[in-house]
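This is model.tsv. It holds TSV, C-alpha atoms.
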chain	number	residue	atom	x	y	z
A	1	MET	CA	-89.23	-21.65	-193.86
A	2	ALA	CA	-87.00	-20.19	-191.16
A	3	LYS	CA	-88.41	-17.61	-188.87
A	4	HIS	CA	-86.76	-14.19	-189.18
A	5	VAL	CA	-84.92	-13.31	-185.97
A	6	ILE	CA	-84.74	-9.64	-185.04
A	7	ASN	CA	-81.43	-8.77	-183.38
A	8	ASN	CA	-82.71	-5.45	-182.12
A	9	PRO	CA	-86.34	-5.92	-181.14
A	10	GLY	CA	-86.77	-2.37	-179.87
A	11	GLY	CA	-85.46	-0.86	-183.10
A	12	ARG	CA	-83.40	2.23	-183.49
A	13	LYS	CA	-84.30	5.14	-181.25
A	14	PRO	CA	-86.08	7.83	-183.26
A	15	LEU	CA	-84.09	10.99	-183.93
A	16	SER	CA	-85.08	14.22	-182.25
A	17	GLU	CA	-86.56	16.98	-184.42
A	18	GLU	CA	-83.24	18.87	-184.27
A	19	GLU	CA	-81.32	15.86	-185.60
A	20	LYS	CA	-83.68	15.06	-188.48
A	21	TYR	CA	-82.78	16.39	-191.89
A	22	GLY	CA	-85.68	18.09	-193.57
A	23	LYS	CA	-86.29	19.15	-197.11
A	24	PRO	CA	-83.58	18.43	-199.70
A	25	ILE	CA	-82.46	21.34	-201.87
A	26	PRO	CA	-81.51	20.40	-205.43
A	27	VAL	CA	-78.31	22.07	-206.62
A	28	ARG	CA	-76.59	21.56	-209.95
A	29	PHE	CA	-72.86	21.79	-210.61
A	30	THR	CA	-70.82	21.69	-213.77
A	31	GLN	CA	-68.53	18.68	-214.13
A	32	LYS	CA	-65.53	20.87	-213.33
A	33	GLN	CA	-67.22	22.27	-210.19
A	34	PHE	CA	-68.25	18.79	-209.05
A	35	VAL	CA	-64.71	17.44	-209.40
A	36	ARG	CA	-63.39	20.42	-207.42
A	37	ILE	CA	-65.96	19.90	-204.64
A	38	LYS	CA	-65.28	16.16	-204.55
A	39	ARG	CA	-61.54	16.81	-204.25
A	40	LYS	CA	-62.08	19.33	-201.43
A	41	ALA	CA	-64.46	17.01	-199.58
A	42	GLY	CA	-61.81	14.29	-199.40
A	43	GLU	CA	-63.17	11.33	-197.40
A	44	MET	CA	-66.20	13.30	-196.20
A	45	PRO	CA	-69.48	12.60	-198.03
A	46	ILE	CA	-70.14	15.33	-200.59
A	47	SER	CA	-73.56	16.20	-199.16
A	48	THR	CA	-72.04	16.64	-195.69
A	49	TYR	CA	-69.25	18.80	-197.11
A	50	ILE	CA	-71.74	21.04	-198.95
A	51	ARG	CA	-74.01	21.28	-195.85
A	52	GLU	CA	-71.11	22.27	-193.59
A	53	GLY	CA	-69.85	24.76	-196.16
A	54	ALA	CA	-73.29	26.34	-196.52
A	55	LEU	CA	-73.74	26.63	-192.76
A	56	HIS	CA	-70.29	27.97	-191.91
A	57	ALA	CA	-69.23	29.94	-194.99
A	58	ILE	CA	-69.14	33.72	-195.04
A	59	VAL	CA	-71.15	34.96	-197.98
A	60	ARG	CA	-70.88	38.59	-198.95
A	61	GLN	CA	-73.71	40.38	-200.68
A	62	PRO	CA	-72.93	42.01	-204.03
A	63	VAL	CA	-71.90	45.66	-203.91
A	64	SER	CA	-74.82	48.01	-204.58
A	65	LYS	CA	-74.70	50.51	-207.46
A	66	GLU	CA	-74.53	53.42	-205.01
A	67	LEU	CA	-71.58	51.92	-203.15
A	68	MET	CA	-69.87	51.08	-206.44
A	69	LYS	CA	-70.17	54.75	-207.44
A	70	GLU	CA	-68.55	55.75	-204.14
A	71	ILE	CA	-65.73	53.27	-204.76
A	72	ARG	CA	-65.14	54.69	-208.27
A	73	ASP	CA	-65.11	58.22	-206.84
A	74	LEU	CA	-62.52	57.15	-204.27
A	75	ASN	CA	-60.43	55.60	-207.03
A	76	ASN	CA	-60.62	58.81	-209.05
A	77	LEU	CA	-59.60	60.86	-206.01
A	78	GLY	CA	-56.70	58.49	-205.42
A	79	THR	CA	-55.57	59.08	-208.99
A	80	ASN	CA	-55.81	62.83	-208.42
A	81	ILE	CA	-53.76	62.56	-205.23
A	82	ASN	CA	-51.07	60.57	-207.07
A	83	THR	CA	-50.96	63.30	-209.71
A	84	LEU	CA	-50.64	65.95	-206.99
A	85	VAL	CA	-47.79	64.06	-205.33
A	86	LYS	CA	-45.97	63.78	-208.64
A	87	PHE	CA	-46.50	67.50	-209.22
A	88	ALA	CA	-45.27	68.23	-205.67
A	89	HIS	CA	-42.04	66.36	-206.34
A	90	GLN	CA	-41.53	68.39	-209.51
A	91	THR	CA	-42.39	71.88	-208.23
A	92	GLY	CA	-42.04	71.75	-204.48
A	93	LEU	CA	-44.51	70.83	-201.78
A	94	MET	CA	-45.72	74.27	-200.71
A	95	THR	CA	-47.16	75.17	-204.13
A	96	ILE	CA	-49.79	72.46	-203.97
A	97	ALA	CA	-50.59	72.30	-200.26
A	98	ASP	CA	-54.04	73.86	-200.73
A	99	LYS	CA	-54.90	71.51	-203.60
A	100	ALA	CA	-53.79	68.52	-201.55
A	101	ASN	CA	-55.95	69.63	-198.61
A	102	GLU	CA	-58.99	69.98	-200.89
A	103	ALA	CA	-58.42	66.49	-202.30
A	104	LEU	CA	-58.00	65.06	-198.80
A	105	ASP	CA	-61.26	66.70	-197.68
A	106	GLY	CA	-63.00	65.12	-200.68
A	107	VAL	CA	-61.63	61.67	-199.84
A	108	ASN	CA	-62.74	62.02	-196.23
A	109	ALA	CA	-66.26	63.10	-197.26
A	110	ILE	CA	-66.66	60.13	-199.62
A	111	LEU	CA	-65.30	57.69	-197.03
A	112	HIS	CA	-67.74	59.06	-194.47
A	113	GLN	CA	-70.68	58.61	-196.87
A	114	ALA	CA	-69.56	55.07	-197.75
A	115	ARG	CA	-69.27	54.12	-194.07
A	116	LEU	CA	-72.77	55.46	-193.39
A	117	LYS	CA	-74.23	53.48	-196.30
A	118	ILE	CA	-72.45	50.28	-195.24
A	119	LYS	CA	-73.61	50.69	-191.62
A	120	GLU	CA	-77.19	51.38	-192.79
A	121	LYS	CA	-77.16	48.25	-194.99
A	122	GLU	CA	-75.76	46.11	-192.16
A	123	ASP	CA	-78.40	47.45	-189.75
A	124	ASN	CA	-81.15	46.70	-192.27
A	125	ASP	CA	-79.79	43.17	-192.83
A	126	LYS	CA	-79.67	42.54	-189.07
A	127	SER	CA	-83.24	43.75	-188.55
A	128	GLU	CA	-84.47	41.57	-191.45
A	129	ASN	CA	-82.69	38.52	-190.02
A	130	GLN	CA	-84.21	39.07	-186.58
A	131	SER	CA	-87.75	39.30	-187.96
Just dump the structure as structure tokens.
Amino acid sequence: MAKHVINNPGGRKPLSEEEKYGKPIPVRFTQKQFVRIKRKAGEMPISTYIREGALHAIVRQPVSKELMKEIRDLNNLGTNINTLVKFAHQTGLMTIADKANEALDGVNAILHQARLKIKEKEDNDKSENQS
């Protein structure tokens, strides 16, 4: 029997801890999703494509109920402003100037509250990530 000859007697250099892949994460896709991912990956291995996407993608958190209420309020105010503009075109601008100013003040107040809530959420997310 022929003796096995080792071409690389020292073996492969071990990977550093930063280069080693750790725990696998099982993920399931529908057939349609898998075909789409495979098409997007092109020649790249699918696992590499998914890893790179997960590490570099921007993922937005769902909108909270409070912020959704603020968005609906803004939408309602926008509808009111459109109605006021239509009325202004029909009757003349000066007759509704006070109503328009009130609506604008309401929009500004809601925008201010929404900005505060978004900033508070971002600050909380940053502090949680740093912990």
**Report entry** Spatial neighbours of segment 38-47 of chain A, 12 Å, only C-alpha atoms, chain gap at least 3 places, as number ranges by chain
**Finding:** A: 21, 24-27, 29, 31-35, 50-54
For segment 8-99 of chain A against segment 112-123 of chain A, with a cut-off of 10 Å and counting all atoms listed in the file, what is the closest atom pair and its distance in Å to one decimal for every residue that makes the cut, ordered by chain and number, as JSON lines?
{"residue": "A:Val63", "atom": "CA", "partner": "A:Ile118", "partner_atom": "CA", "distance": 9.8}
{"residue": "A:Ser64", "atom": "CA", "partner": "A:Lys121", "partner_atom": "CA", "distance": 9.9}
{"residue": "A:Glu66", "atom": "CA", "partner": "A:Lys117", "partner_atom": "CA", "distance": 8.7}
{"residue": "A:Leu67", "atom": "CA", "partner": "A:Ala114", "partner_atom": "CA", "distance": 6.6}
{"residue": "A:Met68", "atom": "CA", "partner": "A:Ala114", "partner_atom": "CA", "distance": 9.6}
{"residue": "A:Lys69", "atom": "CA", "partner": "A:Ala114", "partner_atom": "CA", "distance": 9.7}
{"residue": "A:Glu70", "atom": "CA", "partner": "A:Ala114", "partner_atom": "CA", "distance": 6.5}
{"residue": "A:Ile71", "atom": "CA", "partner": "A:Ala114", "partner_atom": "CA", "distance": 8.2}
{"residue": "A:Leu74", "atom": "CA", "partner": "A:Ala114", "partner_atom": "CA", "distance": 9.8}
Requested in this report: Determine the nearest neighbour of Asp125 of chain A from the options A:Thr79, A:Asn108, A:Gln61, A:Gln90, counting only C-alpha atoms.
Outcome: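 Using only C-alpha atoms, the shortest distance to Asp125 of chain A belongs to A:Gln61.
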Report summary line: A straight line from atom CA of Ala103 of chain A to atom CA of Asp73 of chain A spans 11.6 Å
**Report entry** One-decimal distance in Å that lies between atom CA of Leu15 of chain A and atom CA of Leu55 of chain A
**Finding:**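 Taking atom CA of Leu55 of chain A as the start and atom CA of Leu15 of chain A as the end point, the length is 20.7 Å.
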**Report entry** Protein and nucleic acid residues near (-63.8, 67.3, -203.3) (cut-off 12 Å, all atoms listed in the file) as a PyMOL selection string
**Finding:** chain A and resi 73-74+76-78+80-81+99-111
Requested in this report: Report the distance between atom CA of Tyr49 of chain A and atom CA of Arg12 of chain A in Å, rounded to one decimal place.
Outcome: 25.7 Å
First collect every listed atom of segment 75-94 of chain A; then fit an axis-aligned box around them, widen it by 5 Å on each side, and give centre and edge lengths in Å to one decimal, as JSON.
{"center_x": -51.1, "center_y": 64.9, "center_z": -205.2, "size_x": 29.1, "size_y": 28.7, "size_z": 19.0}
Could segment 18-29 of chain A be completed with all heavy atoms and written as a compact mmCIF listing (two decimals), in the frame of the given file, please?
# COMPACT_ATOMS: atom_id res chain seq x y z
N GLU A 18 -84.44 18.10 -183.93
CA GLU A 18 -83.24 18.87 -184.27
C GLU A 18 -82.25 18.04 -185.07
O GLU A 18 -81.46 18.58 -185.82
CB GLU A 18 -82.57 19.40 -183.00
CG GLU A 18 -83.37 20.48 -182.31
CD GLU A 18 -82.68 20.99 -181.06
OE1 GLU A 18 -81.56 20.54 -180.76
OE2 GLU A 18 -83.28 21.83 -180.39
N GLU A 19 -82.27 16.72 -184.90
CA GLU A 19 -81.32 15.86 -185.60
C GLU A 19 -81.82 15.41 -186.97
O GLU A 19 -81.04 14.98 -187.80
CB GLU A 19 -81.02 14.62 -184.76
CG GLU A 19 -80.26 14.93 -183.48
CD GLU A 19 -80.07 13.70 -182.62
OE1 GLU A 19 -81.06 12.98 -182.36
OE2 GLU A 19 -78.93 13.47 -182.20
N LYS A 20 -83.12 15.51 -187.21
CA LYS A 20 -83.68 15.06 -188.48
C LYS A 20 -83.36 16.06 -189.57
O LYS A 20 -83.43 17.28 -189.38
CB LYS A 20 -85.20 14.93 -188.38
CG LYS A 20 -85.66 13.78 -187.54
CD LYS A 20 -87.18 13.72 -187.54
CE LYS A 20 -87.68 12.63 -186.62
NZ LYS A 20 -89.15 12.61 -186.55
N TYR A 21 -82.98 15.53 -190.74
CA TYR A 21 -82.78 16.39 -191.89
C TYR A 21 -84.11 16.57 -192.58
O TYR A 21 -84.85 15.61 -192.80
CB TYR A 21 -81.75 15.79 -192.85
CG TYR A 21 -80.36 15.81 -192.30
CD1 TYR A 21 -79.63 14.64 -192.16
CD2 TYR A 21 -79.77 16.99 -191.89
CE1 TYR A 21 -78.35 14.66 -191.66
CE2 TYR A 21 -78.50 17.02 -191.38
CZ TYR A 21 -77.79 15.85 -191.26
OH TYR A 21 -76.54 15.87 -190.74
N GLY A 22 -84.39 17.79 -192.96
CA GLY A 22 -85.68 18.09 -193.57
C GLY A 22 -85.62 18.04 -195.08
O GLY A 22 -85.11 17.09 -195.68
N LYS A 23 -86.10 19.08 -195.67
CA LYS A 23 -86.29 19.15 -197.11
C LYS A 23 -84.96 19.20 -197.86
O LYS A 23 -84.10 20.02 -197.55
CB LYS A 23 -87.10 20.41 -197.40
CG LYS A 23 -87.40 20.63 -198.84
CD LYS A 23 -88.24 21.87 -199.02
CE LYS A 23 -88.53 22.06 -200.49
NZ LYS A 23 -89.33 23.24 -200.73
N PRO A 24 -84.80 18.35 -198.87
CA PRO A 24 -83.58 18.43 -199.70
C PRO A 24 -83.67 19.63 -200.65
O PRO A 24 -84.75 20.03 -201.07
CB PRO A 24 -83.59 17.12 -200.48
CG PRO A 24 -85.02 16.72 -200.53
CD PRO A 24 -85.66 17.24 -199.28
N ILE A 25 -82.53 20.21 -200.95
CA ILE A 25 -82.46 21.34 -201.87
C ILE A 25 -81.63 20.91 -203.08
O ILE A 25 -80.43 20.66 -202.95
CB ILE A 25 -81.82 22.57 -201.20
CG1 ILE A 25 -82.63 22.97 -199.97
CG2 ILE A 25 -81.70 23.72 -202.17
CD1 ILE A 25 -81.98 24.04 -199.14
N PRO A 26 -82.27 20.82 -204.24
CA PRO A 26 -81.51 20.40 -205.43
C PRO A 26 -80.56 21.52 -205.89
O PRO A 26 -80.94 22.68 -205.97
CB PRO A 26 -82.58 20.12 -206.48
CG PRO A 26 -83.81 20.79 -206.00
CD PRO A 26 -83.68 21.00 -204.53
N VAL A 27 -79.33 21.14 -206.13
CA VAL A 27 -78.31 22.07 -206.62
C VAL A 27 -77.58 21.39 -207.76
O VAL A 27 -77.26 20.20 -207.68
CB VAL A 27 -77.30 22.43 -205.49
CG1 VAL A 27 -76.23 23.36 -206.00
CG2 VAL A 27 -78.01 23.03 -204.31
N ARG A 28 -77.31 22.14 -208.81
CA ARG A 28 -76.59 21.56 -209.95
C ARG A 28 -75.20 22.18 -210.05
O ARG A 28 -75.02 23.37 -209.79
CB ARG A 28 -77.35 21.82 -211.25
CG ARG A 28 -78.69 21.12 -211.27
CD ARG A 28 -79.38 21.41 -212.59
NE ARG A 28 -80.73 20.92 -212.59
CZ ARG A 28 -81.08 19.71 -213.00
NH1 ARG A 28 -80.16 18.88 -213.43
NH2 ARG A 28 -82.33 19.33 -212.96
N PHE A 29 -74.23 21.35 -210.42
CA PHE A 29 -72.86 21.79 -210.61
C PHE A 29 -72.39 21.36 -211.98
O PHE A 29 -72.82 20.33 -212.50
CB PHE A 29 -71.93 21.15 -209.55
CG PHE A 29 -72.26 21.55 -208.14
CD1 PHE A 29 -72.95 20.70 -207.30
CD2 PHE A 29 -71.87 22.78 -207.65
CE1 PHE A 29 -73.25 21.05 -206.00
CE2 PHE A 29 -72.16 23.16 -206.35
CZ PHE A 29 -72.85 22.29 -205.53
